[in-house]
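**Q** data13.csv (CSV, C-alpha atoms and all ligand atoms) pasted underneath:
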chain,number,residue,atom,x,y,z
A,1,MET,CA,30.6,-33.9,4.5
A,2,TYR,CA,27.4,-34.2,6.6
A,3,ARG,CA,26.4,-30.8,7.9
A,4,LYS,CA,23.3,-31.1,10.0
A,5,PRO,CA,20.6,-28.4,10.4
A,6,HIS,CA,20.9,-26.6,13.7
A,7,CYS,CA,17.8,-28.0,15.4
A,8,LYS,CA,14.9,-30.4,15.0
A,9,ALA,CA,12.0,-27.9,15.3
A,10,ASP,CA,12.6,-25.2,12.7
A,11,HIS,CA,10.7,-22.7,10.5
A,12,VAL,CA,11.1,-21.4,7.0
A,13,GLY,CA,11.9,-17.8,7.9
A,14,SER,CA,9.3,-15.2,7.4
A,15,LEU,CA,7.0,-14.2,10.2
A,16,LEU,CA,3.8,-12.1,10.4
A,17,ARG,CA,4.5,-8.3,10.5
A,18,PRO,CA,3.3,-6.7,13.7
A,19,ARG,CA,0.4,-4.3,13.4
A,20,GLU,CA,2.6,-1.1,13.5
A,21,LEU,CA,4.9,-2.3,10.8
A,22,TYR,CA,2.0,-3.6,8.7
A,23,ASP,CA,0.3,-0.2,8.8
A,24,LEU,CA,3.4,1.6,7.9
A,25,ARG,CA,4.2,-0.8,5.0
A,26,ARG,CA,0.8,0.0,3.6
A,27,GLN,CA,1.9,3.6,3.1
A,28,TYR,CA,5.0,2.8,1.1
A,29,ASP,CA,5.7,1.0,-2.0
A,30,THR,CA,8.4,-1.6,-2.1
A,31,ALA,CA,11.1,0.8,-3.3
A,32,GLN,CA,10.5,3.4,-0.6
A,33,CYS,CA,12.1,3.6,2.8
A,34,SER,CA,11.7,6.0,5.6
A,35,PRO,CA,13.1,6.5,9.1
A,36,ALA,CA,9.8,5.5,10.6
A,37,LEU,CA,9.7,2.3,8.6
A,38,LYS,CA,13.2,1.5,9.6
A,39,THR,CA,12.4,2.0,13.3
A,40,ALA,CA,9.3,-0.2,13.0
A,41,GLU,CA,11.4,-2.9,11.3
A,42,ASP,CA,14.0,-2.8,14.1
A,43,GLU,CA,11.3,-3.1,16.7
A,44,ALA,CA,9.6,-5.9,14.8
A,45,ILE,CA,12.8,-7.9,14.6
A,46,LYS,CA,13.4,-7.5,18.3
A,47,GLN,CA,9.9,-8.9,19.0
A,48,ALA,CA,10.4,-11.7,16.5
A,49,VAL,CA,13.7,-12.7,18.2
A,50,VAL,CA,12.0,-12.7,21.7
A,51,LEU,CA,9.1,-14.8,20.3
A,52,GLN,CA,11.5,-17.4,18.9
A,53,GLN,CA,13.6,-17.5,22.0
A,54,GLU,CA,10.5,-17.8,24.3
A,55,LEU,CA,9.2,-20.7,22.3
A,56,GLY,CA,12.5,-22.5,22.4
A,57,LEU,CA,13.3,-22.3,18.6
A,58,LYS,CA,17.0,-22.6,18.2
A,59,THR,CA,17.2,-21.4,14.6
A,60,ILE,CA,16.3,-17.7,14.8
A,61,THR,CA,15.6,-15.4,11.8
A,62,ASP,CA,14.7,-11.8,11.6
A,63,GLY,CA,11.3,-12.8,10.2
A,64,GLU,CA,12.2,-11.0,6.9
A,65,MET,CA,10.7,-7.9,8.5
A,66,ARG,CA,12.7,-5.6,6.3
A,67,ARG,CA,11.4,-7.2,3.1
A,68,ALA,CA,8.2,-6.5,1.1
A,69,CYS,CA,8.6,-9.9,-0.6
A,70,PHE,CA,10.8,-12.9,0.2
A,71,PHE,CA,13.0,-12.3,-2.8
A,72,ASP,CA,13.9,-8.7,-1.9
A,73,GLY,CA,17.5,-8.0,-1.1
A,74,VAL,CA,19.5,-9.7,-3.9
A,75,PHE,CA,18.8,-8.7,-7.5
A,76,GLU,CA,18.3,-5.0,-6.8
A,77,LYS,CA,21.7,-4.8,-5.3
A,78,LEU,CA,23.6,-6.4,-8.2
A,79,GLU,CA,25.5,-4.4,-10.8
A,80,GLY,CA,24.3,-5.5,-14.2
A,81,MET,CA,20.6,-5.8,-13.2
A,82,ILE,CA,18.1,-3.0,-14.0
A,83,TYR,CA,14.7,-2.5,-12.4
A,84,ILE,CA,11.9,-2.3,-14.9
A,85,PRO,CA,8.8,-0.9,-13.2
A,86,GLU,CA,6.3,-1.9,-16.0
A,87,GLN,CA,7.5,-4.8,-18.1
A,88,PRO,CA,4.7,-5.8,-20.6
A,89,ILE,CA,3.2,-9.2,-19.6
A,90,TYR,CA,4.2,-10.8,-22.9
A,91,MET,CA,7.8,-10.6,-21.6
A,92,PHE,CA,6.8,-13.2,-18.9
A,93,LYS,CA,6.4,-16.9,-19.6
A,94,SER,CA,2.8,-17.9,-19.4
A,95,TYR,CA,3.6,-21.5,-18.5
A,96,ILE,CA,5.1,-20.5,-15.1
A,97,PRO,CA,2.3,-21.1,-12.6
A,98,HIS,CA,2.2,-17.7,-10.9
A,99,ILE,CA,2.6,-15.9,-14.2
A,100,ALA,CA,-0.3,-17.9,-15.6
A,101,MET,CA,-2.4,-16.5,-12.8
A,102,MET,CA,-1.3,-13.0,-13.8
A,103,TYR,CA,-2.4,-13.6,-17.4
A,104,ALA,CA,-5.7,-15.0,-16.1
A,105,MET,CA,-6.3,-11.9,-14.1
A,106,GLY,CA,-5.7,-9.7,-17.1
A,107,ILE,CA,-2.6,-8.0,-15.7
A,108,GLU,CA,-0.8,-6.1,-18.5
A,109,HIS,CA,2.4,-5.0,-16.9
A,110,SER,CA,4.5,-6.1,-13.9
A,111,PRO,CA,7.7,-4.9,-12.3
A,112,THR,CA,10.8,-7.0,-12.8
A,113,PHE,CA,14.5,-7.0,-13.3
A,114,PHE,CA,16.5,-7.4,-16.6
A,115,CYS,CA,20.2,-8.2,-16.8
A,116,ASN,CA,21.8,-5.7,-19.1
A,117,GLY,CA,25.4,-6.0,-18.1
A,118,LYS,CA,28.0,-8.2,-16.4
A,119,ILE,CA,26.8,-9.2,-12.9
A,120,LYS,CA,28.9,-8.1,-10.0
A,121,ARG,CA,28.2,-7.9,-6.3
A,122,LYS,CA,29.1,-4.3,-5.5
A,123,GLN,CA,27.3,-4.3,-2.1
A,124,PRO,CA,26.3,-7.0,0.3
A,125,PHE,CA,22.8,-8.5,0.2
A,126,TYR,CA,22.1,-9.3,3.8
A,127,VAL,CA,25.3,-8.6,5.8
A,128,GLN,CA,23.9,-5.5,7.4
A,129,GLU,CA,20.7,-7.3,8.4
A,130,PHE,CA,22.7,-10.2,9.9
A,131,GLN,CA,24.8,-7.7,11.9
A,132,TYR,CA,21.7,-6.3,13.4
A,133,LEU,CA,20.2,-9.7,14.2
A,134,LYS,CA,23.5,-10.8,15.7
A,135,ARG,CA,23.4,-8.0,18.3
A,136,LEU,CA,20.0,-9.3,19.6
A,137,VAL,CA,21.2,-12.8,20.7
A,138,PRO,CA,23.8,-14.1,23.1
A,139,CYS,CA,27.2,-15.0,21.4
A,140,GLN,CA,26.7,-18.7,21.7
A,141,ASP,CA,23.5,-18.5,19.6
A,142,VAL,CA,25.0,-16.6,16.7
A,143,SER,CA,25.9,-19.7,14.8
A,144,SER,CA,22.2,-20.8,14.8
A,145,LEU,CA,20.9,-17.6,13.3
A,146,LYS,CA,19.5,-18.2,9.8
A,147,VAL,CA,19.7,-16.0,6.8
A,148,THR,CA,17.2,-16.7,4.0
A,149,MET,CA,17.9,-15.6,0.5
A,150,CYS,CA,16.2,-15.9,-2.8
A,151,SER,CA,17.3,-18.4,-5.4
A,152,PRO,CA,19.5,-17.2,-8.3
A,153,THR,CA,16.9,-18.8,-10.6
A,154,TRP,CA,14.0,-16.4,-9.5
A,155,PHE,CA,14.0,-14.0,-12.5
A,156,HIS,CA,15.1,-16.5,-15.0
A,157,GLN,CA,12.2,-18.8,-14.5
A,158,ARG,CA,9.7,-16.1,-15.4
A,159,HIS,CA,11.5,-14.7,-18.4
A,160,GLY,CA,13.2,-17.8,-19.8
A,161,SER,CA,16.5,-18.2,-21.6
A,162,ASP,CA,15.7,-15.5,-24.1
A,163,LEU,CA,14.4,-12.6,-22.0
A,164,THR,CA,16.3,-12.7,-18.8
A,165,TYR,CA,19.6,-11.2,-20.0
A,166,ASP,CA,21.1,-9.3,-22.9
A,167,THR,CA,22.5,-12.0,-25.1
A,168,SER,CA,25.4,-9.7,-26.1
A,169,VAL,CA,26.4,-9.9,-22.4
A,170,TYR,CA,25.8,-13.5,-21.7
A,171,LYS,CA,25.7,-16.1,-24.5
A,172,CYS,CA,23.9,-18.8,-22.5
A,173,ASP,CA,22.2,-19.6,-19.2
A,174,ASP,CA,25.3,-21.1,-17.7
A,175,GLU,CA,27.4,-17.9,-18.3
A,176,TYR,CA,24.6,-15.9,-16.5
A,177,PHE,CA,24.3,-18.3,-13.6
A,178,TYR,CA,28.1,-18.6,-13.3
A,179,ASP,CA,28.4,-14.9,-12.6
A,180,LEU,CA,25.4,-14.9,-10.3
A,181,GLY,CA,27.1,-17.8,-8.5
A,182,ILE,CA,30.3,-15.7,-7.9
A,183,ALA,CA,28.1,-12.9,-6.4
A,184,TYR,CA,26.3,-15.4,-4.1
A,185,ARG,CA,29.6,-17.0,-3.0
A,186,GLU,CA,31.0,-13.5,-2.2
A,187,GLU,CA,27.9,-12.9,-0.1
A,188,ILE,CA,28.2,-16.3,1.7
A,189,LYS,CA,31.9,-15.7,2.4
A,190,GLU,CA,31.2,-12.3,3.9
A,191,LEU,CA,28.3,-13.6,6.0
A,192,TYR,CA,30.5,-16.4,7.2
A,193,GLU,CA,33.2,-14.0,8.2
A,194,LYS,CA,30.6,-12.1,10.3
A,195,GLY,CA,29.7,-15.4,12.1
A,196,CYS,CA,26.8,-16.7,10.0
A,197,ARG,CA,26.7,-20.5,9.8
A,198,ASN,CA,23.2,-21.1,8.5
A,199,ILE,CA,21.8,-20.1,5.2
A,200,GLN,CA,18.6,-21.1,3.5
A,201,ILE,CA,18.0,-20.6,-0.2
A,202,ASP,CA,14.3,-20.1,-1.1
A,203,ASP,CA,13.5,-21.6,-4.4
A,204,PRO,CA,9.8,-22.1,-5.4
A,205,THR,CA,11.0,-23.0,-8.9
A,206,PHE,CA,11.9,-26.6,-8.3
A,207,CYS,CA,8.4,-27.6,-7.3
A,208,TYR,CA,7.0,-26.0,-10.5
A,209,PHE,CA,8.8,-28.9,-12.2
A,210,CYS,CA,6.4,-31.2,-10.4
A,211,SER,CA,3.4,-29.6,-12.2
A,212,GLU,CA,2.2,-31.4,-15.2
A,213,ALA,CA,0.5,-28.2,-16.4
A,214,MET,CA,3.7,-26.3,-16.4
A,215,LEU,CA,5.6,-29.1,-18.1
A,216,GLU,CA,3.0,-29.3,-20.9
A,217,GLY,CA,3.2,-25.5,-21.3
A,218,MET,CA,7.0,-25.7,-21.6
A,219,GLU,CA,6.8,-28.5,-24.2
A,220,LYS,CA,4.4,-26.4,-26.2
A,221,ALA,CA,6.8,-23.5,-26.0
A,222,GLY,CA,9.7,-25.7,-27.1
A,223,VAL,CA,11.5,-25.6,-23.7
A,224,ASP,CA,13.4,-28.7,-22.8
A,225,HIS,CA,12.4,-28.9,-19.1
A,226,GLU,CA,14.7,-31.7,-18.1
A,227,SER,CA,17.6,-29.7,-19.4
A,228,LEU,CA,16.3,-26.6,-17.7
A,229,LEU,CA,16.0,-28.4,-14.4
A,230,ASP,CA,19.6,-29.5,-14.7
A,231,THR,CA,20.6,-25.9,-15.5
A,232,TYR,CA,18.8,-24.7,-12.3
A,233,ILE,CA,20.5,-27.4,-10.2
A,234,ARG,CA,23.9,-26.1,-11.6
A,235,ALA,CA,22.8,-22.5,-10.8
A,236,ILE,CA,22.4,-23.4,-7.1
A,237,ASN,CA,25.6,-25.4,-7.1
A,238,TYR,CA,27.6,-22.5,-8.4
A,239,CYS,CA,26.5,-20.6,-5.3
A,240,THR,CA,27.1,-23.2,-2.7
A,241,ARG,CA,30.3,-24.8,-3.8
A,242,ASP,CA,33.5,-24.4,-1.7
A,243,ARG,CA,31.5,-23.3,1.3
A,244,PRO,CA,33.3,-23.8,4.6
A,245,ALA,CA,32.9,-27.1,6.4
A,246,ASP,CA,30.9,-25.6,9.2
A,247,MET,CA,28.5,-23.6,7.0
A,248,THR,CA,25.1,-25.3,6.6
A,249,ILE,CA,23.2,-24.3,3.4
A,250,SER,CA,19.7,-25.6,2.9
A,251,LEU,CA,17.1,-25.2,0.2
A,252,HIS,CA,13.4,-24.5,0.7
A,253,MET,CA,11.0,-25.4,-2.1
A,254,CYS,CA,7.2,-25.1,-2.2
A,255,ARG,CA,4.4,-24.5,-4.6
A,256,GLY,CA,3.8,-20.9,-3.8
A,257,ASN,CA,2.7,-19.0,-0.7
A,258,PHE,CA,1.1,-15.7,-1.6
A,259,LYS,CA,-1.1,-14.5,1.2
A,260,GLY,CA,-2.0,-18.1,1.7
A,261,ALA,CA,-2.5,-19.0,-1.9
A,262,HIS,CA,-0.5,-21.6,-3.8
A,263,PHE,CA,0.2,-21.7,-7.6
A,264,SER,CA,1.0,-25.2,-8.5
A,265,GLU,CA,0.4,-28.9,-7.6
A,266,GLY,CA,2.1,-32.2,-8.0
A,267,GLY,CA,4.2,-34.7,-5.9
A,268,TYR,CA,8.0,-34.6,-5.8
A,269,GLU,CA,8.5,-37.9,-7.7
A,270,ARG,CA,9.5,-36.1,-11.0
A,271,ILE,CA,12.3,-34.2,-9.4
A,272,ALA,CA,13.2,-36.1,-6.2
A,273,PHE,CA,16.2,-38.2,-7.5
A,274,LYS,CA,17.8,-35.2,-9.2
A,275,VAL,CA,17.3,-32.6,-6.6
A,276,PHE,CA,18.1,-34.8,-3.6
A,277,ASN,CA,21.3,-36.2,-5.1
A,278,MET,CA,22.6,-33.5,-7.4
A,279,LEU,CA,21.9,-30.3,-5.5
A,280,ASP,CA,25.0,-29.4,-3.4
A,281,VAL,CA,23.1,-28.4,-0.3
A,282,ASP,CA,22.8,-29.9,3.2
A,283,ALA,CA,19.1,-29.9,3.9
A,284,PHE,CA,15.8,-29.6,2.1
A,285,TYR,CA,12.8,-27.8,3.6
A,286,LEU,CA,9.9,-29.5,1.8
A,287,GLU,CA,6.3,-28.5,1.6
A,288,TYR,CA,4.1,-31.4,3.0
A,289,ASP,CA,1.1,-29.8,4.5
A,290,THR,CA,-1.6,-30.9,2.0
A,291,GLU,CA,-2.1,-33.5,-0.7
A,292,ARG,CA,-0.9,-31.0,-3.3
A,293,ALA,CA,2.7,-32.0,-2.5
A,294,GLY,CA,1.9,-35.8,-2.9
A,295,ASP,CA,3.1,-38.6,-0.6
A,296,PHE,CA,6.4,-39.3,1.1
A,297,MET,CA,7.5,-42.0,-1.3
A,298,PRO,CA,9.9,-39.7,-3.2
A,299,LEU,CA,11.9,-39.4,0.0
A,300,ARG,CA,13.3,-42.8,-0.8
A,301,HIS,CA,15.8,-41.0,-3.1
A,302,LEU,CA,17.3,-39.1,-0.1
A,303,PRO,CA,21.0,-39.9,0.2
A,304,SER,CA,22.3,-40.7,3.7
A,305,ASN,CA,24.3,-37.4,4.1
A,306,LYS,CA,21.4,-35.0,3.7
A,307,THR,CA,18.5,-33.9,5.9
A,308,ILE,CA,14.9,-33.3,5.1
A,309,VAL,CA,12.9,-30.8,7.1
A,310,LEU,CA,9.3,-32.0,6.7
A,311,GLY,CA,6.9,-29.1,6.3
A,312,ILE,CA,4.0,-30.9,7.9
A,313,MET,CA,2.4,-27.9,9.6
A,314,THR,CA,0.5,-25.4,7.5
A,315,THR,CA,1.0,-21.6,7.6
A,316,LYS,CA,-2.0,-21.2,5.2
A,317,SER,CA,-4.6,-21.4,8.0
A,318,GLY,CA,-4.7,-21.1,11.7
A,319,LYS,CA,-5.9,-24.6,12.3
A,320,LEU,CA,-3.6,-26.1,14.9
A,321,GLU,CA,-2.0,-29.5,14.2
A,322,SER,CA,-1.9,-31.9,17.2
A,323,VAL,CA,1.3,-33.4,18.5
A,324,GLU,CA,-0.1,-36.8,17.7
A,325,TYR,CA,-0.7,-35.8,14.1
A,326,LEU,CA,2.8,-34.4,13.7
A,327,LYS,CA,4.4,-37.5,15.3
A,328,GLY,CA,2.3,-39.7,13.0
A,329,ARG,CA,3.5,-37.9,9.9
A,330,VAL,CA,7.1,-38.2,11.0
A,331,GLU,CA,6.6,-41.9,11.6
A,332,GLU,CA,5.2,-42.3,8.0
A,333,ALA,CA,8.3,-40.6,6.7
A,334,VAL,CA,10.6,-42.8,8.8
A,335,ASP,CA,8.8,-45.9,7.4
A,336,VAL,CA,9.5,-44.7,3.8
A,337,LEU,CA,13.1,-44.0,4.5
A,338,CYS,CA,13.7,-47.3,6.2
A,339,CYS,CA,11.5,-49.6,4.0
A,340,THR,CA,13.2,-48.4,0.8
A,341,ASN,CA,16.8,-48.6,2.2
A,342,PRO,CA,17.8,-51.8,4.1
A,343,PHE,CA,20.9,-50.1,5.4
A,344,ARG,CA,19.0,-47.3,7.1
A,345,SER,CA,17.8,-48.0,10.7
A,346,ARG,CA,14.9,-46.1,12.2
A,347,GLU,CA,17.4,-44.2,14.3
A,348,ASP,CA,19.3,-43.2,11.2
A,349,ALA,CA,16.0,-42.1,9.5
A,350,LEU,CA,14.9,-40.0,12.5
A,351,ASP,CA,18.4,-38.5,12.5
A,352,GLN,CA,17.8,-37.3,9.0
A,353,ILE,CA,14.5,-35.6,9.7
A,354,CYS,CA,13.5,-32.3,11.2
A,355,ILE,CA,10.0,-30.6,11.2
A,356,SER,CA,8.8,-27.2,10.3
A,357,PRO,CA,5.8,-25.4,8.6
A,358,GLN,CA,5.6,-25.9,4.9
A,359,CYS,CA,6.6,-22.3,4.1
A,360,GLY,CA,6.9,-18.9,5.8
A,361,PHE,CA,4.0,-17.2,7.6
A,362,ALA,CA,4.5,-14.1,5.4
A,363,SER,CA,6.3,-14.6,2.1
A,364,VAL,CA,5.0,-11.1,1.3
A,365,TRP,CA,4.5,-8.4,3.9
A,366,GLU,CA,0.7,-8.7,4.0
A,367,GLY,CA,1.2,-12.3,5.3
A,368,ASN,CA,-1.0,-15.4,5.3
A,369,PRO,CA,-4.6,-15.5,6.6
A,370,ILE,CA,-3.5,-16.4,10.1
A,371,ASN,CA,-3.1,-14.2,13.2
A,372,GLN,CA,-0.2,-13.6,15.6
A,373,TYR,CA,-1.7,-15.7,18.3
A,374,GLU,CA,-2.2,-18.7,15.9
A,375,GLN,CA,1.4,-18.2,14.6
A,376,ARG,CA,2.7,-18.4,18.2
A,377,LEU,CA,0.6,-21.5,19.0
A,378,LYS,CA,1.9,-23.3,15.8
A,379,LEU,CA,5.6,-22.6,16.4
A,380,GLY,CA,5.2,-23.6,20.0
A,381,ARG,CA,3.5,-26.8,19.0
A,382,LEU,CA,6.3,-27.7,16.6
A,383,VAL,CA,8.8,-27.4,19.5
A,384,GLU,CA,6.5,-29.5,21.7
A,385,ALA,CA,6.3,-32.2,19.1
A,386,ALA,CA,10.0,-32.2,18.4
A,387,ARG,CA,10.8,-32.6,22.1
A,388,GLU,CA,8.6,-35.7,22.1
A,389,ILE,CA,10.0,-37.2,19.0
A,390,TRP,CA,13.7,-36.4,19.7
A,391,PRO,CA,13.8,-36.1,23.5
A,392,SER,CA,17.6,-35.8,23.6
A,393,GLU,CA,18.0,-33.2,20.9
A,394,ALA,CA,15.1,-30.8,20.6
A,401,ZN,ZN,7.8,-21.5,0.3
Is it possible to give me this structure as structure tokens?
**A**
Amino acid sequence: MYRKPHCKADHVGSLLRPRELYDLRRQYDTAQCSPALKTAEDEAIKQAVVLQQELGLKTITDGEMRRACFFDGVFEKLEGMIYIPEQPIYMFKSYIPHIAMMYAMGIEHSPTFFCNGKIKRKQPFYVQEFQYLKRLVPCQDVSSLKVTMCSPTWFHQRHGSDLTYDTSVYKCDDEYFYDLGIAYREEIKELYEKGCRNIQIDDPTFCYFCSEAMLEGMEKAGVDHESLLDTYIRAINYCTRDRPADMTISLHMCRGNFKGAHFSEGGYERIAFKVFNMLDVDAFYLEYDTERAGDFMPLRHLPSNKTIVLGIMTTKSGKLESVEYLKGRVEEAVDVLCCTNPFRSREDALDQICISPQCGFASVWEGNPINQYEQRLKLGRLVEAAREIWPSEA
């Protein structure tokens, strides 16, 4: 089954919050909600949809306007997970790159979730949000709307196999991820029934396995990282299996995107063969905006029935990439895909590539150090480049 992404010029999902929403967000913590905030979110989503339509982007998201952080909307809605507002820092694994930064900053507590019971999806994650978004576009565009959702591995990576769940409830990681997979599949099924055909799972964890510093830390802590990587691949596959033939599910991975900061470094070589071949997803949104993600050589492991969305534009600064630069980067990737596989023509390689920014513009509500005008120019530039590279498709 080869399910292709919905367009050649794409983006990872989150967009800068408009001023009104930004100012209101500042007044509330992540758990609070108010009618004024809801109204501002509704309005921000309308503006985000118009922006994407005007620029000619075919995959439209709600910009994650209703979220404080990209991972909101899943774990807090699951039965079996409890919110812990102040978990002591020693309950977090210091080898995880963004947690290492918290240790370095002297942070003593952090909010998190703990699994203290059997996981069940008692309420939808994003169905309501999808229904709202759906009303803002013509019927024929509904199938291209994209819903982004946090990876099932998000809380496990920071707490490890010993502190993520009550071991009297789940005996091992696979039992925990199996039930999470059921919850995700129920969500995917309901979204599908409402017309959704395009889901992106956001997973910063995979790129952490490209970081030598994290792997060394895991070894010191006695964690078998190869085995953990396999566990995380199975965790995603529990979520995506048995999806309908016309449902595209992609996976985005990067090295962190917190107000423009990243947390880890290292090329994809260490994980490329496994993630490209063993993950049961249709496309990979890969960070490729700076040398911290390494070169394109790991792309040689890409099988012929999956797509890569090259994140060759940066959202971490307002500096605008030229069309020539973007075309050159795509050519480089095509060279790698062709030179390493004699059965792949340049047309085949181009067919397997899309372009996007390396991550969202606002993985957290505060956003990256870039303004609305620069965001608009960048997204427009992507569409412009895609039209030159793929004149018949973009
Ligand atoms: Zn990202």
**Q** Need to verify the contact set: segment 372-381 of chain A, 9 Å, only C-alpha atoms, exclusion of same-chain residues closer than 3 positions in sequence. Can you return it as an MDAnalysis selection string?
**A** chainID A and resid 9:11 15:18 51:52 54:57 313:315 317:323 356:357 361 384:386
**Q** Starting from 3 Å padding per side, set up an axis-aligned box that covers all listed atoms of segment 105-113 of chain A and hand over centre and edge lengths in Å, one decimal, as lines of an AutoDock Vina configuration file.
**A**
center_x = 4.1
center_y = -8.4
center_z = -15.4
size_x = 26.8
size_y = 13.0
size_z = 12.2
**Q** Which residues of chain A sit at most 8 Å from ligand ZN 401 (chain A), using only C-alpha atoms and all ligand atoms? Give each one's shortest atom pair and distance in Å (one decimal place), in chain and ascending residue order, as CSV.
**A**
residue,atom,partner,partner_atom,distance
A:Val12,CA,A:ZN401,ZN,7.5
A:Asp202,CA,A:ZN401,ZN,6.8
A:Asp203,CA,A:ZN401,ZN,7.4
A:Pro204,CA,A:ZN401,ZN,6.1
A:His252,CA,A:ZN401,ZN,6.4
A:Met253,CA,A:ZN401,ZN,5.6
A:Cys254,CA,A:ZN401,ZN,4.4
A:Arg255,CA,A:ZN401,ZN,6.7
A:Gly256,CA,A:ZN401,ZN,5.8
A:Asn257,CA,A:ZN401,ZN,5.8
A:Glu287,CA,A:ZN401,ZN,7.3
A:Gln358,CA,A:ZN401,ZN,6.7
A:Cys359,CA,A:ZN401,ZN,4.1
A:Gly360,CA,A:ZN401,ZN,6.1
A:Ser363,CA,A:ZN401,ZN,7.3
**Q** For Val142 of chain A, list every protein, DNA or RNA residue within 12 Å, evaluated using only C-alpha atoms, and leave out those in the same chain fewer than 4 positions away; present the list as a list in words.
**A**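 Close residues of Val142 of chain A: His6, Lys58, Thr59, Ile60, Thr61, Phe130, Gln131, Tyr132, Leu133, Lys134, Arg135, Leu136, Val137, Pro138, Lys146, Val147, Leu191, Tyr192, Lys194, Gly195, Cys196, Arg197 and Asn198 of chain A.
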**Q** Set the distance at 10 Å and use only C-alpha atoms: which residues neighbour Lys274 of chain A once local chain neighbours fewer than 5 positions away are removed? I'd like the list as a PyMOL selection string.
**A** chain A and resi 229-230+233+269+279+301-302
**Q** Those residues with C-alpha atoms, as a PDB file, in the coordinates of the input please?
**A**
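So the final result, stored in selection19.pdb, reads:
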ATOM      1  CA  LEU A 229      16.000 -28.400 -14.400  1.00  0.00           C
ATOM      2  CA  ASP A 230      19.600 -29.500 -14.700  1.00  0.00           C
ATOM      3  CA  ILE A 233      20.500 -27.400 -10.200  1.00  0.00           C
ATOM      4  CA  GLU A 269       8.500 -37.900  -7.700  1.00  0.00           C
ATOM      5  CA  LEU A 279      21.900 -30.300  -5.500  1.00  0.00           C
ATOM      6  CA  HIS A 301      15.800 -41.000  -3.100  1.00  0.00           C
ATOM      7  CA  LEU A 302      17.300 -39.100  -0.100  1.00  0.00           C
TER       8      LEU A 302
END
**Q** Applying 12 Å and only C-alpha atoms, which residues near Ala100 of chain A remain after dropping the ones on its own chain fewer than 4 positions away? List them as a PyMOL selection string.
**A** chain A and resi 89-90+92-96+104-107+158+213-214+217+263-264
**Q** As an exercise, work out the distance from atom CA of Ala261 of chain A to atom CA of His156 of chain A in Å and give it to one decimal place.
**A**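 Rounded to one decimal, the two atoms are 22.1 Å apart.
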**Q** Using only C-alpha atoms, give me every residue within 12 Å of (16.2, -28.5, -8.8) in file coordinates, as a PyMOL selection string.
**A** chain A and resi 151-153+157+201-210+225-237+251-254+268+270-281+284
